[in-house]
file input-v5.pdb (PDB, C-alpha atoms)
ATOM      1  CA  MET M   6      -4.114 -32.700   3.351
ATOM      2  CA  ILE M   7      -1.618 -31.047   1.062
ATOM      3  CA  ILE M   8      -2.615 -28.188  -1.254
ATOM      4  CA  SER M   9      -0.446 -26.092  -3.543
ATOM      5  CA  VAL M  10      -1.249 -22.424  -2.923
ATOM      6  CA  ASN M  11       0.415 -20.049  -5.366
ATOM      7  CA  GLY M  12       3.074 -22.674  -5.993
ATOM      8  CA  GLU M  13       3.857 -23.148  -2.308
ATOM      9  CA  ILE M  14       2.989 -26.434  -0.581
ATOM     10  CA  LYS M  15       0.620 -25.928   2.370
ATOM     11  CA  GLU M  16      -0.799 -28.428   4.822
ATOM     12  CA  PHE M  17      -4.377 -28.133   6.100
ATOM     13  CA  LYS M  18      -6.302 -30.138   8.693
ATOM     14  CA  GLY M  19      -9.134 -32.418   7.532
ATOM     15  CA  GLU M  20      -9.880 -34.063   4.205
ATOM     16  CA  HIS M  21     -11.392 -31.121   2.409
ATOM     17  CA  ILE M  22     -11.856 -27.395   2.821
ATOM     18  CA  SER M  23     -13.903 -24.814   0.904
ATOM     19  CA  ILE M  24     -12.218 -21.963  -0.946
ATOM     20  CA  LYS M  25     -13.947 -19.525   1.419
ATOM     21  CA  GLU M  26     -12.535 -21.306   4.476
ATOM     22  CA  LEU M  27      -9.049 -21.480   3.025
ATOM     23  CA  LEU M  28      -8.992 -17.795   2.116
ATOM     24  CA  GLU M  29     -10.134 -16.868   5.627
ATOM     25  CA  GLU M  30      -7.555 -19.143   7.211
ATOM     26  CA  MET M  31      -4.793 -17.553   5.148
ATOM     27  CA  SER M  32      -6.060 -13.980   5.721
ATOM     28  CA  TYR M  33      -6.853 -13.240   2.087
ATOM     29  CA  SER M  34      -9.662 -10.710   1.785
ATOM     30  CA  LYS M  35     -10.490  -8.196  -0.974
ATOM     31  CA  GLY M  36      -8.918  -7.647  -4.376
ATOM     32  CA  ILE M  37      -8.230 -11.241  -5.330
ATOM     33  CA  ALA M  38      -9.360 -13.768  -7.901
ATOM     34  CA  VAL M  39      -8.999 -17.532  -7.621
ATOM     35  CA  ALA M  40      -8.341 -20.405  -9.994
ATOM     36  CA  LEU M  41      -8.635 -24.017  -8.847
ATOM     37  CA  ASN M  42      -6.575 -26.439 -10.921
ATOM     38  CA  GLU M  43      -6.207 -23.683 -13.567
ATOM     39  CA  THR M  44      -9.968 -23.081 -13.828
ATOM     40  CA  PHE M  45     -11.378 -19.717 -12.741
ATOM     41  CA  VAL M  46     -13.788 -19.828  -9.805
ATOM     42  CA  LEU M  47     -16.365 -17.062  -9.405
ATOM     43  CA  LYS M  48     -16.384 -15.234  -6.078
ATOM     44  CA  THR M  49     -19.976 -16.329  -5.544
ATOM     45  CA  LYS M  50     -18.878 -19.979  -5.672
ATOM     46  CA  TYR M  51     -16.174 -19.832  -2.964
ATOM     47  CA  LYS M  52     -18.426 -21.251  -0.246
ATOM     48  CA  GLU M  53     -19.574 -24.276  -2.223
ATOM     49  CA  THR M  54     -16.297 -25.071  -4.021
ATOM     50  CA  ILE M  55     -14.394 -27.762  -2.132
ATOM     51  CA  ILE M  56     -10.624 -28.158  -2.372
ATOM     52  CA  LYS M  57      -9.237 -31.672  -2.053
ATOM     53  CA  ASP M  58      -5.843 -33.151  -1.285
ATOM     54  CA  GLY M  59      -3.403 -32.535  -4.139
ATOM     55  CA  ASP M  60      -5.371 -29.639  -5.643
ATOM     56  CA  ARG M  61      -3.671 -26.550  -6.922
ATOM     57  CA  LEU M  62      -4.986 -23.118  -6.009
ATOM     58  CA  ASP M  63      -3.853 -19.865  -7.602
ATOM     59  CA  ILE M  64      -4.787 -16.618  -5.875
ATOM     60  CA  LEU M  65      -4.024 -13.539  -7.963
ATOM     61  CA  SER M  66      -3.838  -9.885  -6.925
ATOM     62  CA  PRO M  67      -3.280  -6.604  -8.799
ATOM     63  CA  VAL M  68       0.279  -5.753  -9.795
ATOM     64  CA  GLN M  69       1.969  -3.316 -12.137
ATOM     65  CA  GLY M  70       1.556  -4.171 -15.804
ATOM     66  CA  GLY M  71       2.495  -2.852 -19.205
TER      67      GLY M  71
ATOM     68  CA  MET Z 177      -8.708  18.838 -29.413
ATOM     69  CA  LYS Z 178     -11.881  16.805 -29.755
ATOM     70  CA  LYS Z 179     -12.528  13.921 -27.386
ATOM     71  CA  TRP Z 180     -12.209  10.454 -28.871
ATOM     72  CA  LYS Z 181     -14.105   7.300 -28.131
ATOM     73  CA  ILE Z 182     -12.771   3.819 -27.561
ATOM     74  CA  GLU Z 183     -14.785   0.781 -26.488
ATOM     75  CA  GLY Z 184     -17.763   2.954 -25.613
ATOM     76  CA  LYS Z 185     -15.940   5.507 -23.438
ATOM     77  CA  GLU Z 186     -14.755   9.039 -24.217
ATOM     78  CA  PHE Z 187     -11.296  10.373 -23.442
ATOM     79  CA  ASP Z 188      -9.253  13.529 -23.961
ATOM     80  CA  SER Z 189      -5.831  11.854 -24.027
ATOM     81  CA  ARG Z 190      -4.837   9.426 -26.745
ATOM     82  CA  LEU Z 191      -1.928   8.124 -24.681
ATOM     83  CA  MET Z 192      -2.323   4.835 -22.836
ATOM     84  CA  ILE Z 193       0.371   4.062 -20.305
ATOM     85  CA  GLY Z 194       1.664   1.081 -18.364
ATOM     86  CA  SER Z 195       2.201   0.972 -14.617
ATOM     87  CA  ALA Z 196       5.279  -1.297 -14.526
ATOM     88  CA  LEU Z 197       9.047  -0.843 -14.200
ATOM     89  CA  TYR Z 198       9.076   2.569 -12.483
ATOM     90  CA  PRO Z 199      11.806   3.186  -9.908
ATOM     91  CA  SER Z 200       9.178   3.606  -7.165
ATOM     92  CA  PRO Z 201       5.386   3.738  -6.695
ATOM     93  CA  GLU Z 202       5.663   7.499  -6.141
ATOM     94  CA  ILE Z 203       7.451   8.041  -9.462
ATOM     95  CA  MET Z 204       4.875   5.828 -11.169
ATOM     96  CA  GLU Z 205       2.069   7.965  -9.798
ATOM     97  CA  LYS Z 206       3.743  11.252 -10.788
ATOM     98  CA  SER Z 207       4.695   9.965 -14.245
ATOM     99  CA  ILE Z 208       1.164   8.812 -15.018
ATOM    100  CA  LYS Z 209      -0.210  12.176 -13.899
ATOM    101  CA  ALA Z 210       2.394  14.080 -15.955
ATOM    102  CA  SER Z 211       1.582  12.016 -19.051
ATOM    103  CA  GLY Z 212      -2.084  12.967 -18.902
ATOM    104  CA  ALA Z 213      -2.969   9.349 -19.750
ATOM    105  CA  GLU Z 214      -6.479   8.341 -18.764
ATOM    106  CA  ILE Z 215      -6.101   4.628 -19.516
ATOM    107  CA  VAL Z 216      -3.555   2.670 -17.464
ATOM    108  CA  THR Z 217      -2.579  -0.964 -17.912
ATOM    109  CA  VAL Z 218      -2.379  -3.283 -14.917
ATOM    110  CA  ALA Z 219      -1.834  -6.995 -14.372
ATOM    111  CA  LEU Z 220      -2.516  -9.895 -12.017
ATOM    112  CA  ARG Z 221       0.083 -12.050 -10.335
ATOM    113  CA  ARG Z 222       0.382 -14.509  -7.503
ATOM    114  CA  GLN Z 223       1.401 -12.990  -4.210
ATOM    115  CA  SER Z 224       3.371 -14.992  -1.709
ATOM    116  CA  ALA Z 225       1.045 -17.137   0.369
ATOM    117  CA  ASN Z 226       2.849 -15.656   3.373
ATOM    118  CA  ALA Z 227       2.078 -12.030   2.425
ATOM    119  CA  PRO Z 228      -1.482 -12.050   1.115
ATOM    120  CA  GLN Z 229      -2.071  -8.273   1.257
ATOM    121  CA  CYS Z 230       1.027  -6.954  -0.496
ATOM    122  CA  GLY Z 231      -0.729  -6.170  -3.821
ATOM    123  CA  ASN Z 232      -3.144  -3.772  -2.199
ATOM    124  CA  GLN Z 233      -0.814  -0.766  -1.919
ATOM    125  CA  PHE Z 234      -0.287  -0.628  -5.678
ATOM    126  CA  TRP Z 235      -3.982  -1.030  -6.374
ATOM    127  CA  ASP Z 236      -4.860   1.742  -3.907
ATOM    128  CA  ILE Z 237      -2.565   4.163  -5.788
ATOM    129  CA  ILE Z 238      -4.129   3.300  -9.148
ATOM    130  CA  LYS Z 239      -7.653   3.688  -7.782
ATOM    131  CA  GLU Z 240      -6.794   7.152  -6.460
ATOM    132  CA  LEU Z 241      -5.641   8.226  -9.933
ATOM    133  CA  ASP Z 242      -9.240   7.905 -11.147
ATOM    134  CA  VAL Z 243      -8.237   6.393 -14.503
ATOM    135  CA  THR Z 244      -9.726   3.660 -16.638
ATOM    136  CA  VAL Z 245      -7.808   0.471 -15.970
ATOM    137  CA  LEU Z 246      -6.917  -1.884 -18.758
ATOM    138  CA  PRO Z 247      -5.893  -5.276 -17.332
ATOM    139  CA  ASN Z 248      -3.538  -7.358 -19.427
ATOM    140  CA  THR Z 249      -2.881 -11.074 -19.779
ATOM    141  CA  ALA Z 250       0.890 -10.635 -19.933
ATOM    142  CA  GLY Z 251       2.900 -13.796 -19.513
ATOM    143  CA  CYS Z 252       0.233 -16.115 -20.919
ATOM    144  CA  HIS Z 253       1.436 -18.573 -23.537
ATOM    145  CA  THR Z 254      -1.782 -20.401 -24.408
ATOM    146  CA  ALA Z 255      -5.336 -19.353 -25.195
ATOM    147  CA  LYS Z 256      -6.558 -21.218 -22.092
ATOM    148  CA  GLU Z 257      -4.172 -19.341 -19.776
ATOM    149  CA  ALA Z 258      -5.161 -16.021 -21.326
ATOM    150  CA  ILE Z 259      -8.887 -16.763 -21.040
ATOM    151  CA  THR Z 260      -8.572 -17.772 -17.372
ATOM    152  CA  THR Z 261      -6.466 -14.693 -16.592
ATOM    153  CA  ALA Z 262      -8.968 -12.427 -18.365
ATOM    154  CA  MET Z 263     -11.817 -13.855 -16.313
ATOM    155  CA  MET Z 264      -9.864 -13.345 -13.092
ATOM    156  CA  ALA Z 265      -9.021  -9.772 -14.151
ATOM    157  CA  ARG Z 266     -12.670  -9.004 -14.820
ATOM    158  CA  GLU Z 267     -13.551 -10.001 -11.276
ATOM    159  CA  VAL Z 268     -10.707  -8.143  -9.551
ATOM    160  CA  PHE Z 269     -10.715  -4.941 -11.613
ATOM    161  CA  GLU Z 270     -14.462  -4.909 -12.268
ATOM    162  CA  THR Z 271     -14.072  -4.165 -15.967
ATOM    163  CA  ASP Z 272     -14.854  -6.090 -19.119
ATOM    164  CA  TRP Z 273     -11.885  -4.478 -20.913
ATOM    165  CA  ILE Z 274      -8.928  -6.761 -21.491
ATOM    166  CA  LYS Z 275      -5.620  -6.177 -23.238
ATOM    167  CA  LEU Z 276      -5.285  -9.669 -24.628
ATOM    168  CA  GLU Z 277      -1.717 -10.826 -24.858
ATOM    169  CA  VAL Z 278      -0.711 -14.379 -25.769
ATOM    170  CA  ILE Z 279       3.014 -14.744 -26.231
ATOM    171  CA  GLY Z 280       4.165 -17.067 -29.006
ATOM    172  CA  ASN Z 281       7.915 -16.678 -28.871
ATOM    173  CA  GLN Z 282      10.046 -16.166 -25.792
ATOM    174  CA  TYR Z 283      12.923 -14.489 -27.672
ATOM    175  CA  ASN Z 284      11.073 -11.460 -28.998
ATOM    176  CA  LEU Z 285       7.803 -11.890 -27.049
ATOM    177  CA  GLN Z 286       5.953 -11.933 -30.358
ATOM    178  CA  PRO Z 287       2.214 -12.492 -29.968
ATOM    179  CA  ASP Z 288       0.884 -15.871 -31.112
ATOM    180  CA  PRO Z 289      -1.685 -14.966 -33.805
ATOM    181  CA  PHE Z 290      -3.485 -18.333 -33.691
ATOM    182  CA  ALA Z 291      -3.921 -18.481 -29.911
ATOM    183  CA  LEU Z 292      -4.825 -14.782 -29.898
ATOM    184  CA  LEU Z 293      -7.638 -15.342 -32.369
ATOM    185  CA  GLU Z 294      -8.904 -18.372 -30.442
ATOM    186  CA  ALA Z 295      -8.918 -16.558 -27.084
ATOM    187  CA  THR Z 296     -10.456 -13.407 -28.571
ATOM    188  CA  LYS Z 297     -13.424 -15.359 -29.899
ATOM    189  CA  VAL Z 298     -14.122 -17.032 -26.542
ATOM    190  CA  LEU Z 299     -13.819 -13.765 -24.619
ATOM    191  CA  ILE Z 300     -15.959 -11.691 -26.999
ATOM    192  CA  ASP Z 301     -18.652 -14.373 -26.785
ATOM    193  CA  ASP Z 302     -18.420 -14.051 -23.006
ATOM    194  CA  GLY Z 303     -19.036 -10.298 -23.116
ATOM    195  CA  PHE Z 304     -15.484  -8.950 -22.952
ATOM    196  CA  ARG Z 305     -14.245  -5.905 -24.810
ATOM    197  CA  VAL Z 306     -11.035  -7.325 -26.208
ATOM    198  CA  LEU Z 307      -8.121  -5.066 -27.135
ATOM    199  CA  PRO Z 308      -5.765  -7.558 -28.785
ATOM    200  CA  TYR Z 309      -2.003  -7.042 -28.716
ATOM    201  CA  MET Z 310      -0.986  -8.361 -32.131
ATOM    202  CA  THR Z 311       1.658  -8.347 -34.809
ATOM    203  CA  ASP Z 312       1.236  -5.927 -37.708
ATOM    204  CA  ASP Z 313      -0.303  -8.656 -39.898
ATOM    205  CA  LEU Z 314      -3.081  -7.476 -42.190
ATOM    206  CA  VAL Z 315      -4.834 -10.853 -42.438
ATOM    207  CA  LEU Z 316      -4.823 -11.284 -38.663
ATOM    208  CA  ALA Z 317      -6.298  -7.781 -38.361
ATOM    209  CA  GLN Z 318      -9.074  -8.829 -40.727
ATOM    210  CA  ARG Z 319      -9.805 -12.030 -38.772
ATOM    211  CA  LEU Z 320      -9.935 -10.153 -35.461
ATOM    212  CA  ALA Z 321     -12.250  -7.518 -36.944
ATOM    213  CA  ASP Z 322     -14.446 -10.279 -38.389
ATOM    214  CA  ILE Z 323     -15.070 -11.791 -34.944
ATOM    215  CA  GLY Z 324     -16.005  -8.450 -33.423
ATOM    216  CA  CYS Z 325     -12.918  -6.506 -32.309
ATOM    217  CA  THR Z 326     -13.427  -2.757 -32.608
ATOM    218  CA  THR Z 327      -9.913  -1.964 -31.384
ATOM    219  CA  LEU Z 328      -6.671  -3.481 -32.686
ATOM    220  CA  MET Z 329      -3.264  -2.977 -31.106
ATOM    221  CA  PRO Z 330      -0.436  -3.947 -33.482
ATOM    222  CA  TRP Z 331       3.091  -3.764 -32.188
ATOM    223  CA  GLY Z 332       5.547  -1.082 -33.249
ATOM    224  CA  SER Z 333       8.419  -3.421 -32.346
ATOM    225  CA  PRO Z 334       9.006  -6.029 -29.606
ATOM    226  CA  ILE Z 335       7.919  -5.231 -26.052
ATOM    227  CA  GLY Z 336      10.470  -3.173 -24.164
ATOM    228  CA  SER Z 337      12.841  -2.901 -27.132
ATOM    229  CA  GLY Z 338      12.410   0.835 -27.671
ATOM    230  CA  ARG Z 339      13.073   0.325 -31.379
ATOM    231  CA  GLY Z 340      10.161   2.459 -32.534
ATOM    232  CA  LEU Z 341       8.096   1.545 -35.578
ATOM    233  CA  MET Z 342       9.881  -1.359 -37.317
ATOM    234  CA  ASN Z 343       7.500  -1.509 -40.219
ATOM    235  CA  PRO Z 344       5.565   1.708 -40.836
ATOM    236  CA  TYR Z 345       4.342   0.320 -44.171
ATOM    237  CA  ASN Z 346       2.392  -2.502 -42.494
ATOM    238  CA  LEU Z 347       0.893  -0.103 -39.972
ATOM    239  CA  LYS Z 348      -0.083   2.285 -42.761
ATOM    240  CA  VAL Z 349      -1.808  -0.508 -44.692
ATOM    241  CA  ILE Z 350      -3.752  -1.626 -41.607
ATOM    242  CA  ARG Z 351      -4.833   1.987 -41.052
ATOM    243  CA  ARG Z 352      -6.005   2.282 -44.660
ATOM    244  CA  GLN Z 353      -7.856  -1.030 -44.632
ATOM    245  CA  PHE Z 354      -9.665  -0.387 -41.337
ATOM    246  CA  PRO Z 355     -10.619   3.296 -41.283
ATOM    247  CA  ASN Z 356     -13.414   2.717 -38.751
ATOM    248  CA  LEU Z 357     -11.561   0.662 -36.138
ATOM    249  CA  ASN Z 358      -9.605   2.131 -33.260
ATOM    250  CA  LEU Z 359      -5.950   1.414 -33.928
ATOM    251  CA  ILE Z 360      -3.351   1.694 -31.190
ATOM    252  CA  VAL Z 361       0.380   1.157 -31.598
ATOM    253  CA  ASP Z 362       1.254  -1.010 -28.616
ATOM    254  CA  ALA Z 363       4.842  -1.877 -27.667
ATOM    255  CA  GLY Z 364       8.203  -0.827 -28.973
ATOM    256  CA  ILE Z 365       7.823   2.928 -28.633
ATOM    257  CA  GLY Z 366      11.173   4.245 -27.387
ATOM    258  CA  LYS Z 367      11.032   7.998 -27.681
ATOM    259  CA  PRO Z 368       8.457  10.746 -28.174
ATOM    260  CA  SER Z 369       9.254  11.062 -31.885
ATOM    261  CA  ASP Z 370       8.189   7.405 -32.318
ATOM    262  CA  ALA Z 371       4.814   8.328 -30.841
ATOM    263  CA  VAL Z 372       4.562  11.305 -33.178
ATOM    264  CA  GLU Z 373       5.271   9.002 -36.134
ATOM    265  CA  ALA Z 374       2.533   6.567 -35.063
ATOM    266  CA  MET Z 375       0.014   9.352 -34.626
ATOM    267  CA  GLU Z 376       0.959  10.932 -37.961
ATOM    268  CA  LEU Z 377       0.176   7.583 -39.609
ATOM    269  CA  GLY Z 378      -3.352   8.159 -38.401
ATOM    270  CA  PHE Z 379      -3.307   5.787 -35.457
ATOM    271  CA  ASP Z 380      -5.861   6.640 -32.802
ATOM    272  CA  GLY Z 381      -3.464   6.281 -29.905
ATOM    273  CA  VAL Z 382      -0.306   4.734 -28.522
ATOM    274  CA  LEU Z 383       0.257   2.429 -25.584
ATOM    275  CA  LEU Z 384       3.661   2.470 -23.960
ATOM    276  CA  ASN Z 385       5.396   1.758 -20.674
ATOM    277  CA  SER Z 386       9.161   1.240 -20.773
ATOM    278  CA  ALA Z 387       9.806   4.460 -22.703
ATOM    279  CA  VAL Z 388       8.587   6.454 -19.706
ATOM    280  CA  ALA Z 389       9.405   4.116 -16.819
ATOM    281  CA  LEU Z 390      13.002   3.508 -17.936
ATOM    282  CA  ALA Z 391      13.786   7.117 -18.887
ATOM    283  CA  GLN Z 392      16.344   8.842 -16.724
ATOM    284  CA  GLU Z 393      13.586  11.198 -15.594
ATOM    285  CA  PRO Z 394      10.300   9.302 -15.953
ATOM    286  CA  VAL Z 395       8.088  12.171 -14.819
ATOM    287  CA  ILE Z 396       9.544  14.563 -17.412
ATOM    288  CA  MET Z 397       9.356  11.862 -20.085
ATOM    289  CA  GLY Z 398       5.711  11.282 -19.232
ATOM    290  CA  GLU Z 399       5.057  14.924 -19.981
ATOM    291  CA  ALA Z 400       7.126  14.706 -23.192
ATOM    292  CA  PHE Z 401       4.902  11.868 -24.441
ATOM    293  CA  LYS Z 402       1.786  13.807 -23.541
ATOM    294  CA  HIS Z 403       2.870  16.572 -25.909
ATOM    295  CA  ALA Z 404       4.186  14.155 -28.569
ATOM    296  CA  VAL Z 405       0.883  12.289 -28.853
ATOM    297  CA  TYR Z 406      -0.995  15.573 -28.934
ATOM    298  CA  ALA Z 407       1.297  17.057 -31.601
ATOM    299  CA  GLY Z 408       1.186  13.887 -33.701
ATOM    300  CA  ARG Z 409      -2.594  13.837 -33.697
ATOM    301  CA  LEU Z 410      -2.841  17.545 -34.602
ATOM    302  CA  SER Z 411      -0.349  16.954 -37.403
ATOM    303  CA  TYR Z 412      -2.461  14.092 -38.777
ATOM    304  CA  GLU Z 413      -5.631  16.168 -38.613
ATOM    305  CA  ALA Z 414      -3.899  19.153 -40.219
ATOM    306  CA  GLY Z 415      -2.482  17.074 -43.094
ATOM    307  CA  VAL Z 416       1.244  17.033 -43.756
ATOM    308  CA  MET Z 417       2.509  18.771 -46.925
ATOM    309  CA  GLN Z 418       3.716  16.668 -49.825
ATOM    310  CA  LYS Z 419       7.481  16.170 -50.141
ATOM    311  CA  ARG Z 420       9.066  17.827 -53.191
ATOM    312  CA  ASP Z 421      12.192  16.970 -55.107
ATOM    313  CA  MET Z 422      13.180  20.593 -55.711
ATOM    314  CA  ALA Z 423      13.768  23.433 -53.289
ATOM    315  CA  SER Z 424      11.103  26.106 -53.305
ATOM    316  CA  PRO Z 425      11.728  29.453 -51.591
ATOM    317  CA  SER Z 426       9.333  30.232 -48.795
ATOM    318  CA  THR Z 427      10.070  33.974 -48.860
ATOM    319  CA  PRO Z 428       8.482  35.817 -51.840
ATOM    320  CA  THR Z 429      10.958  36.452 -54.673
ATOM    321  CA  VAL Z 430       9.043  39.343 -56.207
ATOM    322  CA  GLY Z 431      10.625  42.613 -55.132
ATOM    323  CA  THR Z 432      13.925  41.092 -54.127
ATOM    324  CA  PRO Z 433      16.571  43.845 -54.146
ATOM    325  CA  PHE Z 434      19.737  43.499 -56.199
ATOM    326  CA  TRP Z 435      17.877  40.933 -58.309
ATOM    327  CA  HIS Z 436      19.844  39.397 -61.138
ATOM    328  CA  GLN Z 437      18.022  37.782 -63.985
ATOM    329  CA  PHE Z 438      19.887  34.674 -65.050
ATOM    330  CA  SER Z 439      19.515  33.552 -68.598
TER     331      SER Z 439
END
call {"tool": "encode", "arguments": {"input": "input-v5.pdb", "output": "structure tokens"}}
result
Amino acid sequence: MIISVNGEIKEFKGEHISIKELLEEMSYSKGIAVALNETFVLKTKYKETIIKDGDRLDILSPVQGG
Amino acid sequence: MKKWKIEGKEFDSRLMIGSALYPSPEIMEKSIKASGAEIVTVALRRQSANAPQCGNQFWDIIKELDVTVLPNTAGCHTAKEAITTAMMAREVFETDWIKLEVIGNQYNLQPDPFALLEATKVLIDDGFRVLPYMTDDLVLAQRLADIGCTTLMPWGSPIGSGRGLMNPYNLKVIRRQFPNLNLIVDAGIGKPSDAVEAMELGFDGVLLNSAVALAQEPVIMGEAFKHAVYAGRLSYEAGVMQKRDMASPSTPTVGTPFWHQFS
């Protein structure tokens, strides 16, 4: 299945994957927040939130800001 | 100088500083320390999916500074984007403070007053402490205060322009109309004398970034702003003398030698 992760097209095995599984597979750990199809997902919901083919995931991290 | 309170926390410094645009992370760290700022703005961005840990180094430096972080929603153009970004910032930075920024015009990065008001209402209802980056519009200030903002951050001039206070009259009127709100001049400060001017208008603080980060010597400029904000506040508290049309000698005239009485 094809998922857009931070604007980059990524291919994953299977028909669906949880946010938790995807983050582990891509080695994301602390200091991030996630939006699925532009909707914020709480950290406590990563395990039960399923990503499907064609979904768009944004994973944000701290950067410099003014 | 007395401590001041903003959004429930006490601080010594009335300078709030950004963490962007410095020549290096080391210069950023030194500049923030030299400025004495205790509130530092930060942001959230996508990292490359191929380098998932690269934001951590910056965040580690900020955490070591032991400052209060103020996440922003820079780059958002709609209320929905700003609300989502604020929620993500709350989770990452573990703070309910948000510098709410919704850009309405790409040319001068002017905040969109309508989207700002809409997003502020949603976020305040959700428990955020919203510090809205806004134009110097009196009616907008009133609307934001009406829905619960206790801090307002009108611009001095467009972000990164360094043009100082474009419209001191508007800022002065907002100060007069809202004596009990915390007012911060955010954006447009170019040099320490601009910060002095804002503080002498009675503003509670200034928020700046480019003026320090883009100076030829950011660390020294950080220190210059520390003193400027301090001097401006003392000046406001002391009360500036009234301007006069005529000269008035400061040295006593009584007892002047070789005195000639003109008729």
call {"tool": "atom_distance", "arguments": {"input": "input-v5.pdb", "atom1": "atom CA of Z:Lys348", "atom2": "atom CA of Z:Asp188"}}
result
23.7 Å
call {"tool": "closest_atom_pairs", "arguments": {"input": "input-v5.pdb", "of": "chain Z", "to": "chain M", "cutoff": "6 Å", "atoms": "all atoms listed in the file", "output": "JSON lines"}}
result
{"residue": "Z:Gly194", "atom": "CA", "partner": "M:Gly71", "partner_atom": "CA", "distance": 4.1}
{"residue": "Z:Ser195", "atom": "CA", "partner": "M:Gln69", "partner_atom": "CA", "distance": 5.0}
{"residue": "Z:Ala196", "atom": "CA", "partner": "M:Gln69", "partner_atom": "CA", "distance": 4.6}
{"residue": "Z:Thr217", "atom": "CA", "partner": "M:Gly71", "partner_atom": "CA", "distance": 5.6}
{"residue": "Z:Val218", "atom": "CA", "partner": "M:Gly70", "partner_atom": "CA", "distance": 4.1}
{"residue": "Z:Ala219", "atom": "CA", "partner": "M:Gly70", "partner_atom": "CA", "distance": 4.6}
{"residue": "Z:Leu220", "atom": "CA", "partner": "M:Pro67", "partner_atom": "CA", "distance": 4.7}
{"residue": "Z:Arg221", "atom": "CA", "partner": "M:Leu65", "partner_atom": "CA", "distance": 5.0}
{"residue": "Z:Arg222", "atom": "CA", "partner": "M:Leu65", "partner_atom": "CA", "distance": 4.5}
{"residue": "Z:Pro228", "atom": "CA", "partner": "M:Tyr33", "partner_atom": "CA", "distance": 5.6}
{"residue": "Z:Gly231", "atom": "CA", "partner": "M:Pro67", "partner_atom": "CA", "distance": 5.6}
{"residue": "Z:Thr260", "atom": "CA", "partner": "M:Phe45", "partner_atom": "CA", "distance": 5.8}
{"residue": "Z:Met264", "atom": "CA", "partner": "M:Ala38", "partner_atom": "CA", "distance": 5.2}
{"residue": "Z:Val268", "atom": "CA", "partner": "M:Gly36", "partner_atom": "CA", "distance": 5.5}
{"residue": "Z:Asn385", "atom": "CA", "partner": "M:Gly71", "partner_atom": "CA", "distance": 5.6}
call {"tool": "atom_distance", "arguments": {"input": "input-v5.pdb", "atom1": "atom CA of Z:Arg266", "atom2": "atom CA of Z:Leu246"}}
result
10.0 Å
call {"tool": "closest_atom_pairs", "arguments": {"input": "input-v5.pdb", "of": "stretch 280-356 of chain Z", "to": "stretch 389-410 of chain Z", "cutoff": "12 Å", "atoms": "all atoms listed in the file", "output": "tab-separated table"}}
result
residue	atom	partner	partner_atom	distance
Z:Gly336	CA	Z:Leu390	CA	9.5
Z:Ser337	CA	Z:Leu390	CA	11.2
Z:Gly338	CA	Z:Leu390	CA	10.1
call {"tool": "resolve_selection", "arguments": {"input": "input-v5.pdb", "expression": "the PyMOL selection byres ((chain Z and resi 339) around 9)", "output": "list in words"}}
result
Gly332, Ser333, Pro334, Gly336, Ser337, Gly338, Gly340, Leu341, Met342, Gly364, Ile365, Gly366, Lys367 and Asp370 of chain Z
call {"tool": "write_last_selection", "arguments": {"input": "input-v5.pdb", "atoms": "C-alpha atoms", "output": "compact mmCIF listing (two decimals), keeping the file's coordinate frame"}}
result
# COMPACT_ATOMS: atom_id res chain seq x y z
CA GLY Z 332 5.55 -1.08 -33.25
CA SER Z 333 8.42 -3.42 -32.35
CA PRO Z 334 9.01 -6.03 -29.61
CA GLY Z 336 10.47 -3.17 -24.16
CA SER Z 337 12.84 -2.90 -27.13
CA GLY Z 338 12.41 0.84 -27.67
CA GLY Z 340 10.16 2.46 -32.53
CA LEU Z 341 8.10 1.54 -35.58
CA MET Z 342 9.88 -1.36 -37.32
CA GLY Z 364 8.20 -0.83 -28.97
CA ILE Z 365 7.82 2.93 -28.63
CA GLY Z 366 11.17 4.24 -27.39
CA LYS Z 367 11.03 8.00 -27.68
CA ASP Z 370 8.19 7.40 -32.32
call {"tool": "resolve_selection", "arguments": {"input": "input-v5.pdb", "expression": "the PyMOL selection byres ((chain Z and resi 359) around 7)", "output": "tab-separated table (two decimals) with C-alpha atoms, in the coordinates of the input"}}
result
chain	number	residue	atom	x	y	z
Z	327	THR	CA	-9.91	-1.96	-31.38
Z	328	LEU	CA	-6.67	-3.48	-32.69
Z	329	MET	CA	-3.26	-2.98	-31.11
Z	357	LEU	CA	-11.56	0.66	-36.14
Z	358	ASN	CA	-9.60	2.13	-33.26
Z	360	ILE	CA	-3.35	1.69	-31.19
Z	361	VAL	CA	0.38	1.16	-31.60
Z	379	PHE	CA	-3.31	5.79	-35.46
Z	380	ASP	CA	-5.86	6.64	-32.80
Z	381	GLY	CA	-3.46	6.28	-29.90
call {"tool": "resolve_selection", "arguments": {"input": "input-v5.pdb", "expression": "the PyMOL selection byres ((chain Z and resi 249-257) around 10)", "output": "PyMOL selection string"}}
result
(chain M and resi 43-44+70-71) or (chain Z and resi 218-221+247-248+258-265+274-282+285+287-288+290-296+298+309)
call {"tool": "atom_distance", "arguments": {"input": "input-v5.pdb", "atom1": "atom CA of Z:Ile350", "atom2": "atom CA of Z:Ala374"}}
result
12.2 Å
call {"tool": "closest_residue", "arguments": {"input": "input-v5.pdb", "among": "Z:Glu183, Z:Thr326, Z:Val216, Z:Phe354", "to": "Z:Met204", "atoms": "all atoms listed in the file"}}
result
Z:Val216
call {"tool": "residues_near_point", "arguments": {"input": "input-v5.pdb", "point": "(-5.3, -27.1, -6.0)", "cutoff": "7 Å", "atoms": "only C-alpha atoms", "output": "NGL selection string"}}
result
:M and (8-10 or 41-42 or 56 or 59-62)
call {"tool": "residues_around", "arguments": {"input": "input-v5.pdb", "residues": "M:Ile24", "least_positions_apart": "4", "cutoff": "8 Å", "atoms": "only C-alpha atoms", "output": "PyMOL selection string"}}
result
chain M and resi 28+51-56
